[in-house]
Amino acid sequence: MKTYILSNLRIPAGEDFILEDEIARELHLPSTSFKLHRIIRKALDTRKKDHPIWVFTVELEFYFSPPRHPDLCEVQSLKTVNLSPIFIQNPHPYIIGMGPAGLFCALAMVENGLQPWLFDKGDPLEERLIKVQDFWQKGILDENSNIQFGEGGAGTFSDGKLTSRRNEALTQRIYSELIKFGAPEEIAYEALPHLGTDGIQMIVKRIREYLLARGCKFHYRTCLTDIKLNEEKVSQVAFGNQWQEPEIVILAPGNAARDTWKMLHKRGILLEAKPFALGFRIEQKQSDINRWIYGNEHWAEILGPASYRLACKTGFTFCMCPGGKVIIAASEKNTIVTNGMSFSKRESDYGNSAIVTAVNAKNYGNGIWDGINYQINLEKKAFHPGYLAPAQRAKDFLQNQNYSHSIHSTCLPGIYPCNLNNLFSSFISSCLSSTLKYCNHIFPEFYTNSILIAPETRTSSPIKILRKKDELSSLSASNLYPIGEGSGYSGGIISSAVDGWRLGERFKIR
Ligand SMILES: Cc1cc2nc3c(=O)[nH]c(=O)nc-3n(C[C@H](O)[C@H](O)[C@H](O)COP(=O)(O)OP(=O)(O)OC[C@H]3O[C@@H](n4cnc5c(N)ncnc54)[C@H](O)[C@@H]3O)c2cc1C
């Protein structure tokens, strides 16, 4: 029997409904004439204020011939990319980095009977949690174990948004794996799935237990510090003064891996600079955001805290955290980097989002390290003892006016007053100002009561480690495989996990 997809099934939010009955109504059929296989997507249309509508896409099977309907079509199989297997002798490939790319690469490998060894410069999650608390409460930063580095990777202290723009079979596979490790089933079809930092942490621990039970080894506080190349292969890797000779090295170091990129470049691995975006985080009352999106605050009780995504010529909003906190996500001493975090319940009275503008070689120069140096300069300029972040009322920023009123922020560890126009170049300031004004045009009063906290510099990797398109190995070393965000091939938790899985599933024992 053929399966069909019914899209654009619209159901008013806030009303009780039985999905099968709604499908039957839409198709003018009795609900006994089809079987609902699964929900493919559930999104919320909030364009008509105070009348939010659920929009479903569902997969159905008909017991008789299917009806004619403009939104009904036969199921098309999702894009799959079949890469050739890589046969290896040693069942313990080395994976550098325990973020989503590294962990999902390992999960795919164990499916094929391999027992990869994982290495991370940071601590196991439990110790990392203590380090992060020390940072937030006492301003003590461990440069190896912090919000960017350590088991679970950069997204461990995040909003746990699981959105992905790649609609491919592997994305669904990653959702299934996450569900297997305890994520709610809705993540597979919700338009804006999220887990919260608590959900992510629970899953990271379960993945570790699962991999350990299958013979993988976890090496913590073990930083890849050097490599040796011989005949276009990595012949040795160093963790401090310990040299080892793995057959395969998978590099998943994340987008804060400045030391690692420098070392790779020095050893002749081909890298190139990548444009990125930077700006600040805006923090707003969640009740205001709910009103802008839903038209009426009470919808938040039914639909959860609202989020937005806006873009114009001069910039865009990014990585919105409804009901969350702003956090300083520094990984280097005496620097400030903003980001956002929330728990699964998203209960904070505030929401925050990055507002960023794209920058490229025209802004900072053509040298390979120019973009990173540009980031570092901003991060250092913003520093204040105790890792407090510079903050300003959005209204004052737009008027280039020094701090004049007391400001409140959820930011951890905290903020200090500063005119952010003095932090950014006048060009960046004017792009960010125009973007704020555009957002205000879409949502009146967008910036009226908002606080800006800066700088948001790590939106994506400023470096790409060049790799062969099909083999996925480095252009410079055939047994070195760069994956994930730090290698320049993904952005976000899901796409990094996809990149890791895609590579991991290719390895087979000879
Ligand atoms: C605060 C915050 C919030 C975020 N929120 C979201 C979100 O809600 N949704 C989303 O999709 N994305 C979010 N992101 C981005 C997301 O976390 C990253 O895109 C993703 O983690 C990248 O995965 P990765 O595995 O490539 O790298 P990472 O997760 O960065 O992992 C890299 C790992 O490599 C280790 N490492 C680095 N160098 C070495 C070395 N030389 N030797 C050994 N180990 C090394 C690091 O310690 C780290 O654990 C957030 C990021 C941050 C910082």
# chains A, B, ... in the order shown; residues from 1 in each chain; ligands from 1
$ closest_atom_pairs --of "chain A" --to "ligand 1" --cutoff "7 Å" --atoms "only C-alpha atoms and all ligand atoms" --output "tab-separated table"
residue	atom	partner	partner_atom_place_in_ligand_line	distance
A:Ile96	CA	ligand 1	43 (C)	5.1
A:Gly97	CA	ligand 1	34 (O)	3.2
A:Met98	CA	ligand 1	49 (O)	4.8
A:Gly99	CA	ligand 1	31 (O)	3.4
A:Pro100	CA	ligand 1	25 (O)	4.0
A:Ala101	CA	ligand 1	25 (O)	3.7
A:Gly102	CA	ligand 1	25 (O)	5.5
A:Phe119	CA	ligand 1	43 (C)	5.4
A:Asp120	CA	ligand 1	44 (N)	3.5
A:Lys121	CA	ligand 1	44 (N)	4.1
A:Gly122	CA	ligand 1	47 (O)	4.9
A:Asn144	CA	ligand 1	47 (O)	6.7
A:Ser145	CA	ligand 1	47 (O)	6.8
A:Ile147	CA	ligand 1	53 (C)	6.1
A:Gln148	CA	ligand 1	53 (C)	5.3
A:Phe149	CA	ligand 1	47 (O)	3.2
A:Gly150	CA	ligand 1	49 (O)	4.0
A:Glu151	CA	ligand 1	49 (O)	5.2
A:Gly152	CA	ligand 1	49 (O)	5.9
A:Gly153	CA	ligand 1	29 (O)	3.3
A:Ala154	CA	ligand 1	29 (O)	3.9
A:Gly155	CA	ligand 1	17 (O)	3.0
A:Thr156	CA	ligand 1	17 (O)	6.7
A:Phe157	CA	ligand 1	1 (C)	5.3
A:Ser158	CA	ligand 1	3 (C)	3.7
A:Asp159	CA	ligand 1	8 (O)	3.9
A:Gly160	CA	ligand 1	8 (O)	3.9
A:Lys161	CA	ligand 1	8 (O)	3.7
A:Leu162	CA	ligand 1	11 (O)	5.3
A:Thr163	CA	ligand 1	11 (O)	6.3
A:Thr222	CA	ligand 1	43 (C)	5.8
A:Cys223	CA	ligand 1	42 (N)	3.5
A:Leu224	CA	ligand 1	42 (N)	3.9
A:Thr225	CA	ligand 1	41 (N)	5.8
A:Ala252	CA	ligand 1	26 (O)	5.4
A:Pro253	CA	ligand 1	34 (O)	3.5
A:Gly254	CA	ligand 1	30 (O)	3.2
A:Asn255	CA	ligand 1	30 (O)	5.6
A:Ala256	CA	ligand 1	30 (O)	6.7
A:Ala257	CA	ligand 1	38 (N)	4.9
A:Thr260	CA	ligand 1	41 (N)	4.9
A:Cys319	CA	ligand 1	8 (O)	6.4
A:Ile327	CA	ligand 1	1 (C)	6.8
A:Ala329	CA	ligand 1	1 (C)	5.8
A:Asn339	CA	ligand 1	1 (C)	4.8
A:Gly340	CA	ligand 1	1 (C)	5.3
A:Met341	CA	ligand 1	3 (C)	5.8
A:Ile483	CA	ligand 1	26 (O)	6.7
A:Gly484	CA	ligand 1	26 (O)	3.5
A:Glu485	CA	ligand 1	26 (O)	3.8
A:Gly486	CA	ligand 1	26 (O)	5.4
A:Ser490	CA	ligand 1	26 (O)	7.0
A:Gly491	CA	ligand 1	19 (O)	4.6
A:Gly492	CA	ligand 1	19 (O)	3.1
A:Ile493	CA	ligand 1	11 (O)	3.8
A:Ile494	CA	ligand 1	11 (O)	5.8
A:Ser496	CA	ligand 1	23 (O)	5.0
A:Ala497	CA	ligand 1	25 (O)	6.8
$ residues_around --residues "Asn360 (chain A)" --least-positions-apart "3" --cutoff "8 Å" --atoms "only C-alpha atoms" --output "list in words"
Lys274, Pro275, Phe276, Asn363, Tyr364, Gly365 and Gly371 of chain A
$ closest_residue --among "A:Pro455, A:Trp299, A:Ser487, A:Lys2" --to "Ser65 (chain A)" --atoms "only C-alpha atoms"
A:Lys2
$ closest_atom_pairs --of "region 329-431 of chain A" --to "region 188-211 of chain A" --cutoff "9 Å" --atoms "only C-alpha atoms" --output "CSV"
residue,atom,partner,partner_atom,distance
A:Met341,CA,A:Thr197,CA,7.0
A:Ser342,CA,A:Gly196,CA,5.4
A:Phe343,CA,A:Gly196,CA,4.2
A:Ser344,CA,A:Gly196,CA,4.0
A:Lys345,CA,A:Gly196,CA,7.5
A:Arg346,CA,A:Gly196,CA,7.6
$ write_last_selection --atoms "N, CA and C atoms" --output "tab-separated table (two decimals), in the first residue's frame"
chain	number	residue	atom	x	y	z
A	341	MET	N	21.23	30.49	27.24
A	341	MET	CA	21.00	29.16	27.80
A	341	MET	C	19.58	29.11	28.38
A	342	SER	N	18.98	27.92	28.41
A	342	SER	CA	17.71	27.79	29.13
A	342	SER	C	17.57	26.36	29.63
A	343	PHE	N	16.64	26.18	30.54
A	343	PHE	CA	16.28	24.84	31.00
A	343	PHE	C	15.08	24.37	30.18
A	344	SER	N	14.77	23.06	30.28
A	344	SER	CA	13.72	22.52	29.42
A	344	SER	C	12.39	23.25	29.62
A	345	LYS	N	12.13	23.73	30.85
A	345	LYS	CA	10.83	24.38	31.08
A	345	LYS	C	10.81	25.83	30.62
A	346	ARG	N	11.93	26.38	30.30
A	346	ARG	CA	12.04	27.76	29.82
A	346	ARG	C	11.23	28.71	30.71
$ residues_around --residues "region 3-19 of chain A" --least-positions-apart "4" --cutoff "6 Å" --atoms "only C-alpha atoms" --output "ChimeraX atom specification"
/A:52-61,71-75
$ atom_distance --atom1 "CA of Arg309 (chain A)" --atom2 "CA of Gln392 (chain A)"
22.0 Å
$ residues_around --residues "region 106-114 of chain A" --least-positions-apart "6" --cutoff "8 Å" --atoms "only C-alpha atoms" --output "short mmCIF file (atom, residue, chain, number, x, y, z; two decimals) with C-alpha atoms, in the first residue's frame"
data_model
loop_
_atom_site.label_atom_id
_atom_site.label_comp_id
_atom_site.auth_asym_id
_atom_site.auth_seq_id
_atom_site.Cartn_x
_atom_site.Cartn_y
_atom_site.Cartn_z
CA PRO A 91 39.07 -1.09 15.91
CA HIS A 92 39.98 2.01 17.97
CA ILE A 95 38.05 10.93 18.06
CA LEU A 211 29.49 3.88 24.57
CA ARG A 214 30.33 -1.14 24.12
CA GLY A 500 29.76 13.11 12.81
CA TRP A 501 27.34 10.26 12.14
CA ARG A 502 27.81 10.49 8.35
CA GLY A 504 31.33 7.39 11.61
CA GLU A 505 29.00 4.98 9.80
CA ARG A 506 31.50 4.58 6.95
CA PHE A 507 34.18 2.89 9.05
CA LYS A 508 34.25 -0.89 8.95
CA ILE A 509 36.75 -3.43 10.20
#
$ atom_distance --atom1 "CA of Gly351 (chain A)" --atom2 "CA of Val326 (chain A)"
8.5 Å
$ closest_residue --among "A:Phe280, A:Phe87, A:Phe62, A:Tyr489" --to "Leu420 (chain A)" --atoms "only C-alpha atoms"
A:Phe280
$ closest_residue --among "A:Ala311, A:Ile451, A:Ala273, A:Leu398" --to "Lys464 (chain A)" --atoms "only C-alpha atoms"
A:Ala273
$ select_by_dssp --residues "region 338-439 of chain A" --states "strand (DSSP E)" --output "number ranges by chain"
A: 338-341, 350-359, 389-393, 415-417
$ write_last_selection --atoms "all heavy atoms" --output "compact mmCIF listing (two decimals), in the first residue's frame"
# COMPACT_ATOMS: atom_id res chain seq x y z
N THR A 338 29.42 36.38 24.68
CA THR A 338 28.06 36.13 25.17
C THR A 338 27.42 34.95 24.45
O THR A 338 27.83 34.58 23.34
CB THR A 338 27.15 37.36 24.95
OG1 THR A 338 27.22 37.73 23.58
CG2 THR A 338 27.57 38.51 25.82
N ASN A 339 26.43 34.36 25.09
CA ASN A 339 25.61 33.32 24.47
C ASN A 339 24.33 33.20 25.30
O ASN A 339 24.12 33.99 26.23
CB ASN A 339 26.37 31.99 24.40
CG ASN A 339 26.01 31.22 23.15
OD1 ASN A 339 24.83 31.02 22.86
ND2 ASN A 339 26.99 30.82 22.38
N GLY A 340 23.50 32.21 24.99
CA GLY A 340 22.23 32.07 25.72
C GLY A 340 22.01 30.64 26.17
O GLY A 340 22.55 29.70 25.57
N MET A 341 21.23 30.49 27.24
CA MET A 341 21.00 29.16 27.80
C MET A 341 19.58 29.11 28.38
O MET A 341 19.05 30.13 28.79
CB MET A 341 22.00 28.95 28.93
CG MET A 341 21.97 27.61 29.58
SD MET A 341 23.02 27.58 31.05
CE MET A 341 21.80 27.99 32.30
N TYR A 350 12.55 36.18 31.23
CA TYR A 350 13.22 36.91 30.15
C TYR A 350 13.56 35.99 28.99
O TYR A 350 13.76 34.79 29.17
CB TYR A 350 14.52 37.56 30.67
CG TYR A 350 14.23 38.65 31.68
CD1 TYR A 350 14.02 38.35 33.02
CD2 TYR A 350 14.10 39.97 31.27
CE1 TYR A 350 13.71 39.34 33.93
CE2 TYR A 350 13.78 40.97 32.17
CZ TYR A 350 13.58 40.65 33.51
OH TYR A 350 13.26 41.64 34.40
N GLY A 351 13.63 36.57 27.81
CA GLY A 351 14.09 35.84 26.63
C GLY A 351 15.27 36.62 26.05
O GLY A 351 15.37 37.84 26.25
N ASN A 352 16.16 35.93 25.35
CA ASN A 352 17.28 36.65 24.74
C ASN A 352 17.60 36.08 23.38
O ASN A 352 17.27 34.93 23.08
CB ASN A 352 18.51 36.62 25.66
CG ASN A 352 19.06 35.22 25.84
OD1 ASN A 352 19.69 34.69 24.93
ND2 ASN A 352 18.81 34.61 26.99
N SER A 353 18.21 36.90 22.56
CA SER A 353 18.60 36.46 21.22
C SER A 353 19.84 37.23 20.80
O SER A 353 20.02 38.39 21.18
CB SER A 353 17.47 36.77 20.24
OG SER A 353 17.93 36.57 18.92
N ALA A 354 20.68 36.59 20.00
CA ALA A 354 21.80 37.34 19.42
C ALA A 354 21.25 38.21 18.30
O ALA A 354 20.30 37.83 17.61
CB ALA A 354 22.84 36.38 18.88
N ILE A 355 21.84 39.40 18.16
CA ILE A 355 21.58 40.23 16.98
C ILE A 355 22.95 40.47 16.37
O ILE A 355 23.83 41.06 17.02
CB ILE A 355 20.90 41.56 17.35
CG1 ILE A 355 19.51 41.24 17.92
CG2 ILE A 355 20.82 42.49 16.15
CD1 ILE A 355 18.61 42.43 18.07
N VAL A 356 23.14 39.96 15.17
CA VAL A 356 24.50 39.97 14.61
C VAL A 356 24.50 40.46 13.18
O VAL A 356 23.47 40.48 12.50
CB VAL A 356 25.12 38.55 14.67
CG1 VAL A 356 25.44 38.14 16.09
CG2 VAL A 356 24.23 37.51 14.01
N THR A 357 25.69 40.86 12.75
CA THR A 357 25.88 41.29 11.37
C THR A 357 27.05 40.50 10.78
O THR A 357 27.98 40.14 11.51
CB THR A 357 26.11 42.82 11.32
OG1 THR A 357 26.13 43.23 9.97
CG2 THR A 357 27.42 43.24 11.98
N ALA A 358 26.96 40.20 9.50
CA ALA A 358 28.01 39.37 8.88
C ALA A 358 29.29 40.18 8.71
O ALA A 358 29.24 41.36 8.35
CB ALA A 358 27.52 38.87 7.52
N VAL A 359 30.42 39.57 9.00
CA VAL A 359 31.71 40.22 8.75
C VAL A 359 32.57 39.29 7.90
O VAL A 359 32.41 38.07 7.93
CB VAL A 359 32.46 40.58 10.07
CG1 VAL A 359 31.80 41.72 10.79
CG2 VAL A 359 32.61 39.38 10.99
N ALA A 389 30.08 41.35 31.73
CA ALA A 389 29.97 41.73 30.32
C ALA A 389 29.48 43.16 30.18
O ALA A 389 28.64 43.60 30.97
CB ALA A 389 28.98 40.80 29.63
N PRO A 390 29.98 43.89 29.18
CA PRO A 390 29.49 45.25 28.95
C PRO A 390 28.03 45.22 28.50
O PRO A 390 27.66 44.41 27.65
CB PRO A 390 30.40 45.78 27.85
CG PRO A 390 30.94 44.58 27.18
CD PRO A 390 30.99 43.49 28.19
N ALA A 391 27.22 46.10 29.08
CA ALA A 391 25.79 46.10 28.75
C ALA A 391 25.27 47.52 28.69
O ALA A 391 25.83 48.44 29.31
CB ALA A 391 25.03 45.30 29.81
N GLN A 392 24.22 47.70 27.93
CA GLN A 392 23.65 49.03 27.73
C GLN A 392 22.18 48.90 27.35
O GLN A 392 21.79 47.91 26.69
CB GLN A 392 24.42 49.71 26.57
CG GLN A 392 24.04 51.14 26.32
CD GLN A 392 24.89 51.77 25.21
OE1 GLN A 392 25.39 51.05 24.33
NE2 GLN A 392 25.06 53.07 25.24
N ARG A 393 21.39 49.89 27.72
CA ARG A 393 20.01 49.88 27.24
C ARG A 393 20.03 50.08 25.72
O ARG A 393 20.80 50.90 25.21
CB ARG A 393 19.22 51.03 27.87
CG ARG A 393 18.96 50.82 29.35
CD ARG A 393 17.97 51.80 29.93
NE ARG A 393 17.84 53.03 29.17
CZ ARG A 393 16.76 53.79 29.16
NH1 ARG A 393 15.71 53.44 29.87
NH2 ARG A 393 16.71 54.90 28.47
N ILE A 415 26.94 41.91 34.63
CA ILE A 415 27.18 42.93 33.61
C ILE A 415 27.79 44.18 34.23
O ILE A 415 27.74 44.35 35.45
CB ILE A 415 25.86 43.33 32.90
CG1 ILE A 415 24.79 43.76 33.94
CG2 ILE A 415 25.34 42.22 32.03
CD1 ILE A 415 23.54 44.38 33.32
N TYR A 416 28.37 45.02 33.40
CA TYR A 416 28.77 46.37 33.84
C TYR A 416 28.32 47.36 32.77
O TYR A 416 28.22 47.00 31.59
CB TYR A 416 30.28 46.45 34.09
CG TYR A 416 31.15 46.35 32.86
CD1 TYR A 416 31.55 47.48 32.15
CD2 TYR A 416 31.58 45.11 32.38
CE1 TYR A 416 32.34 47.39 31.01
CE2 TYR A 416 32.37 45.00 31.25
CZ TYR A 416 32.75 46.15 30.57
OH TYR A 416 33.53 46.05 29.44
N PRO A 417 28.02 48.60 33.17
CA PRO A 417 27.52 49.56 32.19
C PRO A 417 28.60 50.03 31.23
O PRO A 417 29.74 50.24 31.64
CB PRO A 417 27.03 50.73 33.06
CG PRO A 417 27.73 50.58 34.35
CD PRO A 417 28.06 49.15 34.53
$ residues_around --residues "region 432-449 of chain A" --least-positions-apart "3" --cutoff "6 Å" --atoms "only C-alpha atoms" --output "PyMOL selection string"
chain A and resi 292+314-315+394+429
$ write_last_selection --atoms "N, CA and C atoms" --output "short mmCIF file (atom, residue, chain, number, x, y, z; two decimals), in the first residue's frame"
data_model
loop_
_atom_site.label_atom_id
_atom_site.label_comp_id
_atom_site.auth_asym_id
_atom_site.auth_seq_id
_atom_site.Cartn_x
_atom_site.Cartn_y
_atom_site.Cartn_z
N TRP A 292 4.25 40.16 21.29
CA TRP A 292 4.58 40.46 19.87
C TRP A 292 4.21 39.30 18.97
N THR A 314 21.06 44.37 6.93
CA THR A 314 22.23 44.70 7.76
C THR A 314 22.52 43.68 8.85
N GLY A 315 21.63 42.74 9.08
CA GLY A 315 21.90 41.78 10.15
C GLY A 315 20.73 40.84 10.37
N ALA A 394 19.17 49.36 25.02
CA ALA A 394 19.18 49.45 23.55
C ALA A 394 18.90 50.89 23.10
N SER A 429 28.63 49.07 14.47
CA SER A 429 27.58 49.71 15.28
C SER A 429 26.42 50.15 14.40
#
$ decode --residues "region 27-53 of chain A" --atoms "N, CA, C and O atoms" --output "PDB file, in the first residue's frame"
ATOM      1  N   LEU A  27     -10.199  15.839   4.563  1.00  0.00           N
ATOM      2  CA  LEU A  27     -10.256  15.026   3.332  1.00  0.00           C
ATOM      3  C   LEU A  27     -11.679  14.598   2.966  1.00  0.00           C
ATOM      4  O   LEU A  27     -11.879  13.919   1.959  1.00  0.00           O
ATOM      5  N   HIS A  28     -12.645  14.980   3.806  1.00  0.00           N
ATOM      6  CA  HIS A  28     -14.051  14.573   3.597  1.00  0.00           C
ATOM      7  C   HIS A  28     -14.169  13.056   3.495  1.00  0.00           C
ATOM      8  O   HIS A  28     -14.770  12.508   2.567  1.00  0.00           O
ATOM      9  N   LEU A  29     -13.547  12.379   4.441  1.00  0.00           N
ATOM     10  CA  LEU A  29     -13.563  10.909   4.467  1.00  0.00           C
ATOM     11  C   LEU A  29     -13.855  10.447   5.887  1.00  0.00           C
ATOM     12  O   LEU A  29     -13.540  11.169   6.839  1.00  0.00           O
ATOM     13  N   PRO A  30     -14.384   9.244   6.058  1.00  0.00           N
ATOM     14  CA  PRO A  30     -14.484   8.729   7.433  1.00  0.00           C
ATOM     15  C   PRO A  30     -13.086   8.389   7.961  1.00  0.00           C
ATOM     16  O   PRO A  30     -12.206   7.999   7.177  1.00  0.00           O
ATOM     17  N   SER A  31     -12.899   8.531   9.260  1.00  0.00           N
ATOM     18  CA  SER A  31     -11.548   8.302   9.803  1.00  0.00           C
ATOM     19  C   SER A  31     -11.156   6.824   9.752  1.00  0.00           C
ATOM     20  O   SER A  31     -10.005   6.476  10.015  1.00  0.00           O
ATOM     21  N   THR A  32     -12.109   5.957   9.386  1.00  0.00           N
ATOM     22  CA  THR A  32     -11.774   4.527   9.256  1.00  0.00           C
ATOM     23  C   THR A  32     -11.174   4.219   7.883  1.00  0.00           C
ATOM     24  O   THR A  32     -10.749   3.097   7.627  1.00  0.00           O
ATOM     25  N   SER A  33     -11.115   5.213   6.985  1.00  0.00           N
ATOM     26  CA  SER A  33     -10.642   4.917   5.628  1.00  0.00           C
ATOM     27  C   SER A  33      -9.130   5.104   5.471  1.00  0.00           C
ATOM     28  O   SER A  33      -8.587   4.901   4.396  1.00  0.00           O
ATOM     29  N   PHE A  34      -8.465   5.520   6.528  1.00  0.00           N
ATOM     30  CA  PHE A  34      -7.005   5.692   6.428  1.00  0.00           C
ATOM     31  C   PHE A  34      -6.362   5.353   7.769  1.00  0.00           C
ATOM     32  O   PHE A  34      -7.036   5.276   8.800  1.00  0.00           O
ATOM     33  N   LYS A  35      -5.044   5.184   7.710  1.00  0.00           N
ATOM     34  CA  LYS A  35      -4.282   4.960   8.941  1.00  0.00           C
ATOM     35  C   LYS A  35      -3.254   6.083   9.050  1.00  0.00           C
ATOM     36  O   LYS A  35      -2.538   6.366   8.075  1.00  0.00           O
ATOM     37  N   LEU A  36      -3.217   6.718  10.217  1.00  0.00           N
ATOM     38  CA  LEU A  36      -2.221   7.777  10.432  1.00  0.00           C
ATOM     39  C   LEU A  36      -0.903   7.108  10.826  1.00  0.00           C
ATOM     40  O   LEU A  36      -0.808   6.477  11.868  1.00  0.00           O
ATOM     41  N   HIS A  37       0.102   7.216   9.959  1.00  0.00           N
ATOM     42  CA  HIS A  37       1.405   6.604  10.262  1.00  0.00           C
ATOM     43  C   HIS A  37       2.181   7.414  11.279  1.00  0.00           C
ATOM     44  O   HIS A  37       2.659   6.904  12.266  1.00  0.00           O
ATOM     45  N   ARG A  38       2.345   8.706  10.953  1.00  0.00           N
ATOM     46  CA  ARG A  38       3.133   9.537  11.868  1.00  0.00           C
ATOM     47  C   ARG A  38       2.938  11.006  11.550  1.00  0.00           C
ATOM     48  O   ARG A  38       2.496  11.363  10.444  1.00  0.00           O
ATOM     49  N   ILE A  39       3.280  11.837  12.536  1.00  0.00           N
ATOM     50  CA  ILE A  39       3.318  13.283  12.297  1.00  0.00           C
ATOM     51  C   ILE A  39       4.708  13.579  11.754  1.00  0.00           C
ATOM     52  O   ILE A  39       5.712  13.154  12.339  1.00  0.00           O
ATOM     53  N   ILE A  40       4.771  14.285  10.647  1.00  0.00           N
ATOM     54  CA  ILE A  40       6.082  14.644  10.091  1.00  0.00           C
ATOM     55  C   ILE A  40       6.517  15.998  10.629  1.00  0.00           C
ATOM     56  O   ILE A  40       7.679  16.209  10.951  1.00  0.00           O
ATOM     57  N   ARG A  41       5.572  16.910  10.750  1.00  0.00           N
ATOM     58  CA  ARG A  41       5.934  18.249  11.216  1.00  0.00           C
ATOM     59  C   ARG A  41       4.739  18.912  11.881  1.00  0.00           C
ATOM     60  O   ARG A  41       3.598  18.761  11.432  1.00  0.00           O
ATOM     61  N   LYS A  42       5.033  19.621  12.966  1.00  0.00           N
ATOM     62  CA  LYS A  42       3.992  20.388  13.649  1.00  0.00           C
ATOM     63  C   LYS A  42       4.563  21.784  13.890  1.00  0.00           C
ATOM     64  O   LYS A  42       5.522  21.946  14.651  1.00  0.00           O
ATOM     65  N   ALA A  43       4.014  22.752  13.180  1.00  0.00           N
ATOM     66  CA  ALA A  43       4.534  24.120  13.302  1.00  0.00           C
ATOM     67  C   ALA A  43       3.403  25.036  13.754  1.00  0.00           C
ATOM     68  O   ALA A  43       2.226  24.658  13.710  1.00  0.00           O
ATOM     69  N   LEU A  44       3.772  26.233  14.173  1.00  0.00           N
ATOM     70  CA  LEU A  44       2.763  27.182  14.637  1.00  0.00           C
ATOM     71  C   LEU A  44       2.755  28.391  13.710  1.00  0.00           C
ATOM     72  O   LEU A  44       3.800  28.997  13.480  1.00  0.00           O
ATOM     73  N   ASP A  45       1.586  28.711  13.179  1.00  0.00           N
ATOM     74  CA  ASP A  45       1.446  29.909  12.342  1.00  0.00           C
ATOM     75  C   ASP A  45       0.881  31.014  13.229  1.00  0.00           C
ATOM     76  O   ASP A  45      -0.262  30.924  13.692  1.00  0.00           O
ATOM     77  N   THR A  46       1.699  32.033  13.474  1.00  0.00           N
ATOM     78  CA  THR A  46       1.258  33.108  14.378  1.00  0.00           C
ATOM     79  C   THR A  46       1.040  34.412  13.610  1.00  0.00           C
ATOM     80  O   THR A  46       1.024  35.489  14.203  1.00  0.00           O
ATOM     81  N   ARG A  47       0.896  34.307  12.285  1.00  0.00           N
ATOM     82  CA  ARG A  47       0.793  35.556  11.514  1.00  0.00           C
ATOM     83  C   ARG A  47      -0.464  36.334  11.876  1.00  0.00           C
ATOM     84  O   ARG A  47      -0.448  37.548  11.931  1.00  0.00           O
ATOM     85  N   LYS A  48      -1.563  35.628  12.123  1.00  0.00           N
ATOM     86  CA  LYS A  48      -2.782  36.342  12.520  1.00  0.00           C
ATOM     87  C   LYS A  48      -2.778  36.426  14.047  1.00  0.00           C
ATOM     88  O   LYS A  48      -2.884  35.406  14.735  1.00  0.00           O
ATOM     89  N   LYS A  49      -2.603  37.652  14.542  1.00  0.00           N
ATOM     90  CA  LYS A  49      -2.417  37.816  15.985  1.00  0.00           C
ATOM     91  C   LYS A  49      -3.650  37.371  16.762  1.00  0.00           C
ATOM     92  O   LYS A  49      -4.785  37.586  16.332  1.00  0.00           O
ATOM     93  N   ASP A  50      -3.386  36.764  17.886  1.00  0.00           N
ATOM     94  CA  ASP A  50      -4.414  36.249  18.791  1.00  0.00           C
ATOM     95  C   ASP A  50      -5.194  35.070  18.203  1.00  0.00           C
ATOM     96  O   ASP A  50      -6.197  34.650  18.775  1.00  0.00           O
ATOM     97  N   HIS A  51      -4.741  34.555  17.044  1.00  0.00           N
ATOM     98  CA  HIS A  51      -5.383  33.370  16.454  1.00  0.00           C
ATOM     99  C   HIS A  51      -4.316  32.386  15.981  1.00  0.00           C
ATOM    100  O   HIS A  51      -4.232  32.083  14.789  1.00  0.00           O
ATOM    101  N   PRO A  52      -3.479  31.891  16.888  1.00  0.00           N
ATOM    102  CA  PRO A  52      -2.431  30.965  16.432  1.00  0.00           C
ATOM    103  C   PRO A  52      -3.037  29.672  15.882  1.00  0.00           C
ATOM    104  O   PRO A  52      -4.056  29.200  16.378  1.00  0.00           O
ATOM    105  N   ILE A  53      -2.396  29.161  14.860  1.00  0.00           N
ATOM    106  CA  ILE A  53      -2.907  27.955  14.180  1.00  0.00           C
ATOM    107  C   ILE A  53      -1.799  26.908  14.136  1.00  0.00           C
ATOM    108  O   ILE A  53      -0.669  27.216  13.728  1.00  0.00           O
TER     109      ILE A  53
END
